[in-house]
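Source file: query.cif (mmCIF, N, CA and C atoms)
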data_model
loop_
_atom_site.label_atom_id
_atom_site.label_comp_id
_atom_site.auth_asym_id
_atom_site.auth_seq_id
_atom_site.Cartn_x
_atom_site.Cartn_y
_atom_site.Cartn_z
N MET A 26 -32.37 34.10 -1.01
CA MET A 26 -33.38 34.79 -1.78
C MET A 26 -34.66 33.95 -1.86
N ASP A 27 -34.48 32.64 -2.10
CA ASP A 27 -35.66 31.77 -2.17
C ASP A 27 -36.43 31.76 -0.85
N LEU A 28 -35.69 31.74 0.27
CA LEU A 28 -36.36 31.74 1.57
C LEU A 28 -37.16 33.01 1.79
N LYS A 29 -36.64 34.13 1.35
CA LYS A 29 -37.38 35.39 1.45
C LYS A 29 -38.67 35.32 0.64
N ILE A 30 -38.55 34.82 -0.57
CA ILE A 30 -39.73 34.68 -1.44
C ILE A 30 -40.76 33.76 -0.78
N LEU A 31 -40.30 32.62 -0.28
CA LEU A 31 -41.22 31.66 0.35
C LEU A 31 -41.89 32.26 1.58
N ALA A 32 -41.13 32.98 2.39
CA ALA A 32 -41.71 33.59 3.60
C ALA A 32 -42.80 34.60 3.23
N ILE A 33 -42.56 35.40 2.22
CA ILE A 33 -43.54 36.41 1.81
C ILE A 33 -44.77 35.74 1.22
N LEU A 34 -44.57 34.76 0.36
CA LEU A 34 -45.72 34.08 -0.27
C LEU A 34 -46.55 33.32 0.76
N GLN A 35 -45.91 32.80 1.79
CA GLN A 35 -46.64 32.08 2.81
C GLN A 35 -47.60 33.00 3.56
N VAL A 36 -47.21 34.24 3.75
CA VAL A 36 -48.05 35.21 4.44
C VAL A 36 -49.08 35.81 3.49
N ASP A 37 -48.68 36.05 2.24
CA ASP A 37 -49.56 36.70 1.27
C ASP A 37 -49.42 36.03 -0.09
N GLY A 38 -50.18 34.97 -0.29
CA GLY A 38 -50.13 34.22 -1.54
C GLY A 38 -50.72 34.98 -2.72
N ARG A 39 -51.39 36.09 -2.46
CA ARG A 39 -52.00 36.88 -3.54
C ARG A 39 -51.17 38.09 -3.94
N ILE A 40 -49.98 38.22 -3.36
CA ILE A 40 -49.13 39.34 -3.71
C ILE A 40 -48.80 39.29 -5.19
N THR A 41 -48.77 40.43 -5.84
CA THR A 41 -48.44 40.45 -7.26
C THR A 41 -46.96 40.16 -7.44
N ASN A 42 -46.59 39.67 -8.60
CA ASN A 42 -45.18 39.40 -8.88
C ASN A 42 -44.38 40.69 -8.79
N GLN A 43 -44.94 41.80 -9.25
CA GLN A 43 -44.26 43.10 -9.20
C GLN A 43 -43.94 43.47 -7.74
N ALA A 44 -44.95 43.36 -6.86
CA ALA A 44 -44.74 43.71 -5.45
C ALA A 44 -43.76 42.75 -4.79
N LEU A 45 -43.85 41.48 -5.12
CA LEU A 45 -42.92 40.50 -4.56
C LEU A 45 -41.50 40.81 -5.00
N ALA A 46 -41.33 41.10 -6.27
CA ALA A 46 -40.01 41.43 -6.81
C ALA A 46 -39.42 42.64 -6.09
N GLU A 47 -40.25 43.65 -5.84
CA GLU A 47 -39.77 44.84 -5.13
C GLU A 47 -39.35 44.50 -3.70
N ARG A 48 -40.12 43.64 -3.04
CA ARG A 48 -39.81 43.29 -1.63
C ARG A 48 -38.52 42.50 -1.49
N VAL A 49 -38.18 41.74 -2.53
CA VAL A 49 -36.95 40.93 -2.44
C VAL A 49 -35.82 41.49 -3.30
N ALA A 50 -36.05 42.67 -3.87
CA ALA A 50 -35.02 43.37 -4.67
C ALA A 50 -34.54 42.56 -5.87
N LEU A 51 -35.52 42.04 -6.63
CA LEU A 51 -35.22 41.35 -7.88
C LEU A 51 -36.01 42.02 -9.00
N SER A 52 -35.60 41.76 -10.22
CA SER A 52 -36.42 42.22 -11.35
C SER A 52 -37.66 41.33 -11.39
N PRO A 53 -38.77 41.84 -11.93
CA PRO A 53 -39.98 41.01 -12.00
C PRO A 53 -39.76 39.69 -12.75
N SER A 54 -39.00 39.71 -13.82
CA SER A 54 -38.79 38.47 -14.58
C SER A 54 -37.96 37.46 -13.79
N ALA A 55 -36.93 37.94 -13.09
CA ALA A 55 -36.12 37.03 -12.28
C ALA A 55 -36.93 36.47 -11.11
N CYS A 56 -37.76 37.31 -10.52
CA CYS A 56 -38.60 36.87 -9.41
C CYS A 56 -39.60 35.81 -9.87
N LEU A 57 -40.25 36.05 -11.01
CA LEU A 57 -41.22 35.09 -11.54
C LEU A 57 -40.55 33.76 -11.86
N ALA A 58 -39.35 33.83 -12.41
CA ALA A 58 -38.62 32.59 -12.73
C ALA A 58 -38.33 31.80 -11.46
N ARG A 59 -37.95 32.49 -10.39
CA ARG A 59 -37.69 31.80 -9.12
C ARG A 59 -38.97 31.17 -8.56
N VAL A 60 -40.07 31.92 -8.59
CA VAL A 60 -41.35 31.40 -8.08
C VAL A 60 -41.76 30.17 -8.87
N ARG A 61 -41.65 30.24 -10.17
CA ARG A 61 -42.02 29.08 -11.01
C ARG A 61 -41.14 27.87 -10.71
N ARG A 62 -39.84 28.11 -10.47
CA ARG A 62 -38.94 27.00 -10.13
C ARG A 62 -39.31 26.41 -8.77
N LEU A 63 -39.64 27.28 -7.81
CA LEU A 63 -40.05 26.80 -6.48
C LEU A 63 -41.34 25.98 -6.57
N GLU A 64 -42.24 26.38 -7.44
CA GLU A 64 -43.47 25.60 -7.67
C GLU A 64 -43.15 24.27 -8.33
N ALA A 65 -42.32 24.30 -9.37
CA ALA A 65 -41.97 23.07 -10.09
C ALA A 65 -41.21 22.09 -9.19
N ASP A 66 -40.39 22.61 -8.28
CA ASP A 66 -39.63 21.76 -7.37
C ASP A 66 -40.47 21.25 -6.20
N GLY A 67 -41.72 21.71 -6.08
CA GLY A 67 -42.61 21.23 -5.03
C GLY A 67 -42.44 21.94 -3.70
N LEU A 68 -41.62 22.99 -3.64
CA LEU A 68 -41.49 23.75 -2.39
C LEU A 68 -42.74 24.57 -2.14
N ILE A 69 -43.36 25.06 -3.20
CA ILE A 69 -44.67 25.71 -3.10
C ILE A 69 -45.67 24.66 -3.56
N GLN A 70 -46.52 24.23 -2.65
CA GLN A 70 -47.44 23.13 -2.95
C GLN A 70 -48.82 23.60 -3.35
N GLY A 71 -49.10 24.87 -3.25
CA GLY A 71 -50.40 25.39 -3.66
C GLY A 71 -50.67 26.73 -3.02
N TYR A 72 -51.77 27.32 -3.41
CA TYR A 72 -52.21 28.60 -2.87
C TYR A 72 -53.63 28.40 -2.38
N HIS A 73 -53.93 28.91 -1.20
CA HIS A 73 -55.22 28.64 -0.58
C HIS A 73 -55.79 29.91 0.06
N ALA A 74 -57.10 29.94 0.14
CA ALA A 74 -57.75 31.00 0.91
C ALA A 74 -58.04 30.46 2.30
N ARG A 75 -57.74 31.25 3.33
CA ARG A 75 -58.05 30.87 4.70
C ARG A 75 -59.45 31.38 5.00
N LEU A 76 -60.38 30.47 5.28
CA LEU A 76 -61.79 30.81 5.47
C LEU A 76 -62.15 30.94 6.94
N ASP A 77 -63.11 31.78 7.22
CA ASP A 77 -63.69 31.85 8.57
C ASP A 77 -64.94 30.98 8.53
N ILE A 78 -64.76 29.68 8.74
CA ILE A 78 -65.85 28.71 8.59
C ILE A 78 -67.01 29.00 9.52
N GLU A 79 -66.73 29.55 10.69
CA GLU A 79 -67.81 29.87 11.64
C GLU A 79 -68.77 30.91 11.10
N ARG A 80 -68.32 31.75 10.19
CA ARG A 80 -69.20 32.74 9.58
C ARG A 80 -69.98 32.15 8.41
N ILE A 81 -69.56 31.00 7.95
CA ILE A 81 -70.21 30.33 6.82
C ILE A 81 -71.29 29.37 7.32
N ARG A 82 -70.94 28.59 8.35
CA ARG A 82 -71.89 27.64 8.93
C ARG A 82 -71.42 27.26 10.32
N PRO A 83 -72.33 26.82 11.17
CA PRO A 83 -71.92 26.38 12.51
C PRO A 83 -71.01 25.15 12.41
N THR A 84 -70.00 25.11 13.26
CA THR A 84 -69.10 23.96 13.27
C THR A 84 -68.62 23.69 14.68
N VAL A 85 -68.11 22.50 14.85
CA VAL A 85 -67.36 22.14 16.05
C VAL A 85 -66.08 21.47 15.55
N THR A 86 -64.97 21.86 16.16
CA THR A 86 -63.68 21.28 15.78
C THR A 86 -63.23 20.36 16.90
N ILE A 87 -62.85 19.16 16.51
CA ILE A 87 -62.42 18.15 17.46
C ILE A 87 -61.03 17.68 17.09
N TYR A 88 -60.19 17.53 18.11
CA TYR A 88 -58.91 16.86 17.94
C TYR A 88 -59.11 15.46 18.51
N GLY A 89 -58.84 14.46 17.69
CA GLY A 89 -58.99 13.08 18.12
C GLY A 89 -57.66 12.37 18.23
N GLU A 90 -57.43 11.75 19.38
CA GLU A 90 -56.25 10.90 19.57
C GLU A 90 -56.68 9.49 19.21
N VAL A 91 -56.15 8.96 18.14
CA VAL A 91 -56.57 7.65 17.64
C VAL A 91 -55.48 6.62 17.90
N THR A 92 -55.87 5.53 18.54
CA THR A 92 -54.96 4.42 18.80
C THR A 92 -55.42 3.23 17.97
N LEU A 93 -54.50 2.66 17.22
CA LEU A 93 -54.81 1.49 16.40
C LEU A 93 -54.45 0.20 17.12
N LYS A 94 -55.11 -0.88 16.73
CA LYS A 94 -54.83 -2.19 17.33
C LYS A 94 -53.53 -2.79 16.80
N SER A 95 -53.20 -2.44 15.56
CA SER A 95 -52.02 -3.01 14.90
C SER A 95 -51.17 -1.89 14.31
N HIS A 96 -49.87 -2.11 14.27
CA HIS A 96 -48.97 -1.12 13.70
C HIS A 96 -48.25 -1.65 12.46
N ARG A 97 -48.84 -2.66 11.86
CA ARG A 97 -48.25 -3.17 10.62
C ARG A 97 -48.39 -2.10 9.54
N PRO A 98 -47.40 -1.95 8.69
CA PRO A 98 -47.45 -0.92 7.65
C PRO A 98 -48.73 -0.97 6.79
N ALA A 99 -49.19 -2.14 6.49
CA ALA A 99 -50.41 -2.26 5.67
C ALA A 99 -51.63 -1.72 6.42
N ASP A 100 -51.69 -1.95 7.72
CA ASP A 100 -52.81 -1.45 8.52
C ASP A 100 -52.77 0.07 8.65
N LEU A 101 -51.58 0.61 8.83
CA LEU A 101 -51.44 2.06 8.90
C LEU A 101 -51.85 2.69 7.58
N ALA A 102 -51.40 2.11 6.49
CA ALA A 102 -51.74 2.64 5.16
C ALA A 102 -53.25 2.56 4.91
N ALA A 103 -53.88 1.47 5.33
CA ALA A 103 -55.33 1.31 5.13
C ALA A 103 -56.09 2.36 5.94
N PHE A 104 -55.65 2.60 7.17
CA PHE A 104 -56.30 3.61 8.00
C PHE A 104 -56.14 5.00 7.38
N GLU A 105 -54.94 5.31 6.92
CA GLU A 105 -54.70 6.62 6.29
C GLU A 105 -55.53 6.78 5.01
N ALA A 106 -55.72 5.70 4.28
CA ALA A 106 -56.55 5.77 3.07
C ALA A 106 -57.99 6.10 3.43
N VAL A 107 -58.50 5.51 4.52
CA VAL A 107 -59.86 5.82 4.97
C VAL A 107 -59.96 7.28 5.37
N LEU A 108 -58.97 7.76 6.14
CA LEU A 108 -58.98 9.16 6.56
C LEU A 108 -59.00 10.12 5.37
N SER A 109 -58.24 9.79 4.34
CA SER A 109 -58.14 10.68 3.18
C SER A 109 -59.47 10.81 2.44
N GLU A 110 -60.37 9.87 2.65
CA GLU A 110 -61.67 9.90 1.98
C GLU A 110 -62.76 10.58 2.80
N ILE A 111 -62.44 11.03 4.00
CA ILE A 111 -63.44 11.65 4.88
C ILE A 111 -63.20 13.15 4.88
N PRO A 112 -64.06 13.93 4.23
CA PRO A 112 -63.81 15.38 4.12
C PRO A 112 -63.78 16.11 5.46
N GLU A 113 -64.49 15.60 6.45
CA GLU A 113 -64.50 16.24 7.77
C GLU A 113 -63.15 16.14 8.48
N VAL A 114 -62.35 15.16 8.10
CA VAL A 114 -60.99 15.05 8.64
C VAL A 114 -60.12 16.02 7.84
N VAL A 115 -59.81 17.16 8.44
CA VAL A 115 -59.10 18.20 7.71
C VAL A 115 -57.58 18.12 7.88
N GLU A 116 -57.13 17.41 8.90
CA GLU A 116 -55.71 17.17 9.10
C GLU A 116 -55.55 15.85 9.83
N ALA A 117 -54.45 15.17 9.56
CA ALA A 117 -54.14 13.93 10.27
C ALA A 117 -52.63 13.76 10.31
N ALA A 118 -52.12 13.43 11.47
CA ALA A 118 -50.68 13.23 11.62
C ALA A 118 -50.42 11.95 12.40
N GLN A 119 -49.53 11.11 11.87
CA GLN A 119 -49.07 9.96 12.65
C GLN A 119 -48.03 10.49 13.62
N VAL A 120 -48.18 10.17 14.89
CA VAL A 120 -47.32 10.72 15.93
C VAL A 120 -46.74 9.61 16.80
N SER A 121 -45.70 9.96 17.56
CA SER A 121 -45.17 9.02 18.54
C SER A 121 -45.84 9.31 19.87
N GLY A 122 -45.78 8.36 20.77
CA GLY A 122 -46.36 8.58 22.09
C GLY A 122 -47.47 7.59 22.40
N PRO A 123 -48.38 7.98 23.30
CA PRO A 123 -49.40 7.05 23.79
C PRO A 123 -50.53 6.77 22.80
N PHE A 124 -50.60 7.50 21.69
CA PHE A 124 -51.58 7.21 20.64
C PHE A 124 -50.87 7.30 19.30
N ASP A 125 -51.54 6.84 18.25
CA ASP A 125 -50.88 6.71 16.94
C ASP A 125 -51.11 7.87 15.99
N TYR A 126 -52.31 8.43 16.03
CA TYR A 126 -52.66 9.53 15.12
C TYR A 126 -53.33 10.64 15.89
N LEU A 127 -53.05 11.86 15.49
CA LEU A 127 -53.79 13.01 15.96
C LEU A 127 -54.52 13.55 14.75
N ILE A 128 -55.86 13.55 14.83
CA ILE A 128 -56.65 14.02 13.71
C ILE A 128 -57.42 15.27 14.11
N LYS A 129 -57.59 16.15 13.15
CA LYS A 129 -58.39 17.36 13.35
C LYS A 129 -59.63 17.20 12.48
N VAL A 130 -60.78 17.29 13.12
CA VAL A 130 -62.05 17.04 12.45
C VAL A 130 -62.95 18.25 12.62
N VAL A 131 -63.61 18.67 11.55
CA VAL A 131 -64.57 19.77 11.61
C VAL A 131 -65.92 19.22 11.17
N THR A 132 -66.89 19.27 12.09
CA THR A 132 -68.24 18.77 11.83
C THR A 132 -69.27 19.83 12.21
N PRO A 133 -70.51 19.66 11.76
CA PRO A 133 -71.54 20.65 12.10
C PRO A 133 -71.86 20.69 13.59
N ASP A 134 -71.75 19.54 14.27
CA ASP A 134 -72.07 19.49 15.69
C ASP A 134 -71.45 18.24 16.32
N VAL A 135 -71.63 18.09 17.62
CA VAL A 135 -71.02 16.97 18.34
C VAL A 135 -71.64 15.64 17.91
N ARG A 136 -72.92 15.65 17.60
CA ARG A 136 -73.56 14.39 17.14
C ARG A 136 -72.91 13.88 15.86
N ALA A 137 -72.61 14.79 14.96
CA ALA A 137 -71.95 14.39 13.71
C ALA A 137 -70.57 13.81 14.00
N TRP A 138 -69.87 14.40 14.98
CA TRP A 138 -68.58 13.85 15.39
C TRP A 138 -68.77 12.45 15.95
N GLY A 139 -69.79 12.26 16.78
CA GLY A 139 -70.06 10.94 17.35
C GLY A 139 -70.28 9.89 16.27
N ALA A 140 -71.02 10.26 15.24
CA ALA A 140 -71.28 9.33 14.13
C ALA A 140 -69.99 9.01 13.39
N LEU A 141 -69.17 10.02 13.18
CA LEU A 141 -67.91 9.79 12.48
C LEU A 141 -66.97 8.94 13.33
N ALA A 142 -66.92 9.21 14.63
CA ALA A 142 -66.08 8.40 15.52
C ALA A 142 -66.55 6.95 15.53
N ASP A 143 -67.86 6.75 15.56
CA ASP A 143 -68.40 5.38 15.50
C ASP A 143 -67.97 4.69 14.21
N ARG A 144 -67.99 5.44 13.11
CA ARG A 144 -67.57 4.88 11.82
C ARG A 144 -66.11 4.45 11.88
N LEU A 145 -65.27 5.28 12.50
CA LEU A 145 -63.85 4.94 12.61
C LEU A 145 -63.62 3.74 13.53
N LEU A 146 -64.48 3.59 14.53
CA LEU A 146 -64.34 2.48 15.48
C LEU A 146 -64.91 1.17 14.97
N GLN A 147 -65.62 1.23 13.85
CA GLN A 147 -66.24 -0.01 13.36
C GLN A 147 -65.19 -1.07 13.07
N GLU A 148 -65.60 -2.29 13.20
CA GLU A 148 -64.71 -3.42 12.98
C GLU A 148 -64.17 -3.38 11.55
N GLY A 149 -62.92 -3.66 11.39
CA GLY A 149 -62.32 -3.69 10.06
C GLY A 149 -61.36 -2.53 9.82
N LEU A 150 -61.51 -1.43 10.54
CA LEU A 150 -60.58 -0.32 10.36
C LEU A 150 -59.40 -0.41 11.31
N GLY A 151 -59.51 -1.25 12.32
CA GLY A 151 -58.39 -1.46 13.22
C GLY A 151 -58.20 -0.40 14.29
N VAL A 152 -59.24 0.43 14.53
CA VAL A 152 -59.12 1.45 15.57
C VAL A 152 -59.46 0.83 16.92
N ASP A 153 -58.58 0.99 17.89
CA ASP A 153 -58.78 0.47 19.22
C ASP A 153 -59.56 1.47 20.07
N LYS A 154 -59.13 2.74 20.05
CA LYS A 154 -59.83 3.75 20.82
C LYS A 154 -59.57 5.14 20.26
N ILE A 155 -60.47 6.06 20.62
CA ILE A 155 -60.36 7.46 20.23
C ILE A 155 -60.64 8.31 21.46
N ALA A 156 -59.75 9.23 21.76
CA ALA A 156 -59.98 10.22 22.80
C ALA A 156 -60.25 11.55 22.11
N SER A 157 -61.33 12.21 22.49
CA SER A 157 -61.76 13.43 21.82
C SER A 157 -61.47 14.67 22.65
N HIS A 158 -61.07 15.72 21.98
CA HIS A 158 -60.85 17.02 22.60
C HIS A 158 -61.54 18.06 21.75
N ILE A 159 -62.51 18.77 22.31
CA ILE A 159 -63.25 19.78 21.56
C ILE A 159 -62.51 21.11 21.64
N LEU A 160 -62.31 21.73 20.51
CA LEU A 160 -61.65 23.02 20.45
C LEU A 160 -62.55 24.08 21.08
N MET A 161 -62.02 24.77 22.06
CA MET A 161 -62.76 25.85 22.72
C MET A 161 -62.44 27.19 22.08
N LYS A 162 -61.16 27.40 21.72
CA LYS A 162 -60.72 28.65 21.12
C LYS A 162 -59.44 28.39 20.35
N ASP A 163 -59.33 28.97 19.19
CA ASP A 163 -58.09 28.89 18.42
C ASP A 163 -57.13 29.93 18.99
N ALA A 164 -56.32 29.54 19.97
CA ALA A 164 -55.45 30.48 20.67
C ALA A 164 -54.37 31.06 19.76
N LYS A 165 -53.86 30.27 18.84
CA LYS A 165 -52.90 30.74 17.84
C LYS A 165 -53.13 29.97 16.56
N PRO A 166 -53.96 30.50 15.68
CA PRO A 166 -54.24 29.81 14.42
C PRO A 166 -52.96 29.66 13.58
N TYR A 167 -52.93 28.63 12.78
CA TYR A 167 -51.79 28.38 11.90
C TYR A 167 -51.67 29.51 10.88
N ARG A 168 -50.51 30.09 10.81
CA ARG A 168 -50.25 31.18 9.86
C ARG A 168 -49.03 30.90 8.99
N GLY A 169 -48.52 29.70 9.11
CA GLY A 169 -47.35 29.35 8.32
C GLY A 169 -46.23 28.87 9.20
N THR A 170 -45.21 28.35 8.56
CA THR A 170 -44.05 27.78 9.23
C THR A 170 -42.85 28.69 9.02
N PRO A 171 -42.06 28.96 10.05
CA PRO A 171 -40.86 29.79 9.83
C PRO A 171 -39.95 29.16 8.78
N VAL A 172 -39.54 29.96 7.81
CA VAL A 172 -38.68 29.43 6.75
C VAL A 172 -37.29 30.07 6.76
N THR A 173 -37.13 31.13 7.51
CA THR A 173 -35.82 31.77 7.56
C THR A 173 -35.01 31.21 8.72
N THR A 174 -33.73 31.34 8.62
CA THR A 174 -32.83 30.79 9.66
C THR A 174 -32.64 31.75 10.81
N GLY A 175 -33.09 32.98 10.66
CA GLY A 175 -32.95 33.95 11.73
C GLY A 175 -31.63 34.72 11.66
N ARG A 176 -30.84 34.46 10.64
CA ARG A 176 -29.56 35.17 10.48
C ARG A 176 -29.74 36.41 9.65
#
Transcribe the structure of this file into structure tokens.
Amino acid sequence: MDLKILAILQVDGRITNQALAERVALSPSACLARVRRLEADGLIQGYHARLDIERIRPTVTIYGEVTLKSHRPADLAAFEAVLSEIPEVVEAAQVSGPFDYLIKVVTPDVRAWGALADRLLQEGLGVDKIASHILMKDAKPYRGTPVTTGR
């Protein structure tokens, strides 16, 4: 039942409790209690509006492959702290493979990305190199993660 609720909320976070309760065949009070428990347990981490940023202002989206000079836990934590303070970095993942982090950056233009990349490469942050990939088209935008088992 919880997985059904989570799957529906992930697609439509603005659904009313009444409509959600009907879709999962619960009473409204039982449904609301489950949603509140899922929120309190941290399974629901928030509700967000998905924006069409291109209609708001011009942007360029870059995926950056970031390689660090050191892999000491303190250096990784320091780099992640810097990333968390840069609003243009909208996502960042530490990954395995030939580079250490894959970051998603949204800037007004390529020059702004260049300035941000230079900032990341400055001495003291421990960045060895950055490979940039400019987004040409969002072939499959993120719409949520499968939460059901398929049974």
Enumerate, as a VMD selection string, the residues matched when the PyMOL selection byres ((chain A and resi 138-154) around 5) is run on the file above. chain A and resid 91 to 94 134 to 137 155 to 156
Write a file of the just-selected residues containing N, CA and C atoms, as a JSON list (two decimals), in the frame of the given file.
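And here's out23.json as it stands now:
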[["chain", "number", "residue", "atom", "x", "y", "z"],
["A", 91, "VAL", "N", -56.15, 8.96, 18.14],
["A", 91, "VAL", "CA", -56.57, 7.65, 17.64],
["A", 91, "VAL", "C", -55.48, 6.62, 17.90],
["A", 92, "THR", "N", -55.87, 5.53, 18.54],
["A", 92, "THR", "CA", -54.96, 4.42, 18.80],
["A", 92, "THR", "C", -55.42, 3.23, 17.97],
["A", 93, "LEU", "N", -54.50, 2.66, 17.22],
["A", 93, "LEU", "CA", -54.81, 1.49, 16.40],
["A", 93, "LEU", "C", -54.45, 0.20, 17.12],
["A", 94, "LYS", "N", -55.11, -0.88, 16.73],
["A", 94, "LYS", "CA", -54.83, -2.19, 17.33],
["A", 94, "LYS", "C", -53.53, -2.79, 16.80],
["A", 134, "ASP", "N", -71.75, 19.54, 14.27],
["A", 134, "ASP", "CA", -72.07, 19.49, 15.69],
["A", 134, "ASP", "C", -71.45, 18.24, 16.32],
["A", 135, "VAL", "N", -71.63, 18.09, 17.62],
["A", 135, "VAL", "CA", -71.02, 16.97, 18.34],
["A", 135, "VAL", "C", -71.64, 15.64, 17.91],
["A", 136, "ARG", "N", -72.92, 15.65, 17.60],
["A", 136, "ARG", "CA", -73.56, 14.39, 17.14],
["A", 136, "ARG", "C", -72.91, 13.88, 15.86],
["A", 137, "ALA", "N", -72.61, 14.79, 14.96],
["A", 137, "ALA", "CA", -71.95, 14.39, 13.71],
["A", 137, "ALA", "C", -70.57, 13.81, 14.00],
["A", 155, "ILE", "N", -60.47, 6.06, 20.62],
["A", 155, "ILE", "CA", -60.36, 7.46, 20.23],
["A", 155, "ILE", "C", -60.64, 8.31, 21.46],
["A", 156, "ALA", "N", -59.75, 9.23, 21.76],
["A", 156, "ALA", "CA", -59.98, 10.22, 22.80],
["A", 156, "ALA", "C", -60.25, 11.55, 22.11]]
List as a count of residues only the protein and nucleic acid residues near A:Val36, meaning an atom at most 10 Å away when only C-alpha atoms are counted, but skip any in the same chain fewer than 3 places from it. 8
For the file shown, report as a PyMOL selection string the outcome of the PyMOL selection byres (((chain A and resi 89 and name CA) around 8) and name CA) at residue level. chain A and resi 87-88+90-91+126-130+155-158
Using all atoms listed in the file, determine which residues lie at most 6.5 Å from A:Leu57, disregarding the query and same-chain residues fewer than 5 positions distant; provide the list as a list in words.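 Skipping anything fewer than 5 positions along the chain leaves Asn42, Ser52 and Arg62 of chain A.
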Can you tell me, as an MDAnalysis selection string, which residues in chain A count as strand (DSSP E or B) by DSSP? chainID A and resid 85:93 114:119 126:132 152:159
Could you give me, as a ChimeraX atom specification, each residue of stretch 59-144 of chain A that DSSP assigns to helix (DSSP H, G or I) when run on this structure's backbone? /A:59-65,78-81,98-109,135-144
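For the atom pair formed by atom CA of A:Ile30 and atom N of A:Lys165, the distance is 25.1 Å, given to one decimal.
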Looking at A:Asp66, A:Asp163, A:Asp37, A:Asp27, which one is nearest to A:Val49, with distances taken over only C-alpha atoms?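 Using only C-alpha atoms, A:Val49 sits closest to A:Asp27.
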Atom pair atom C of A:Val60 + atom CA of A:Pro171, distance 18.7 Å
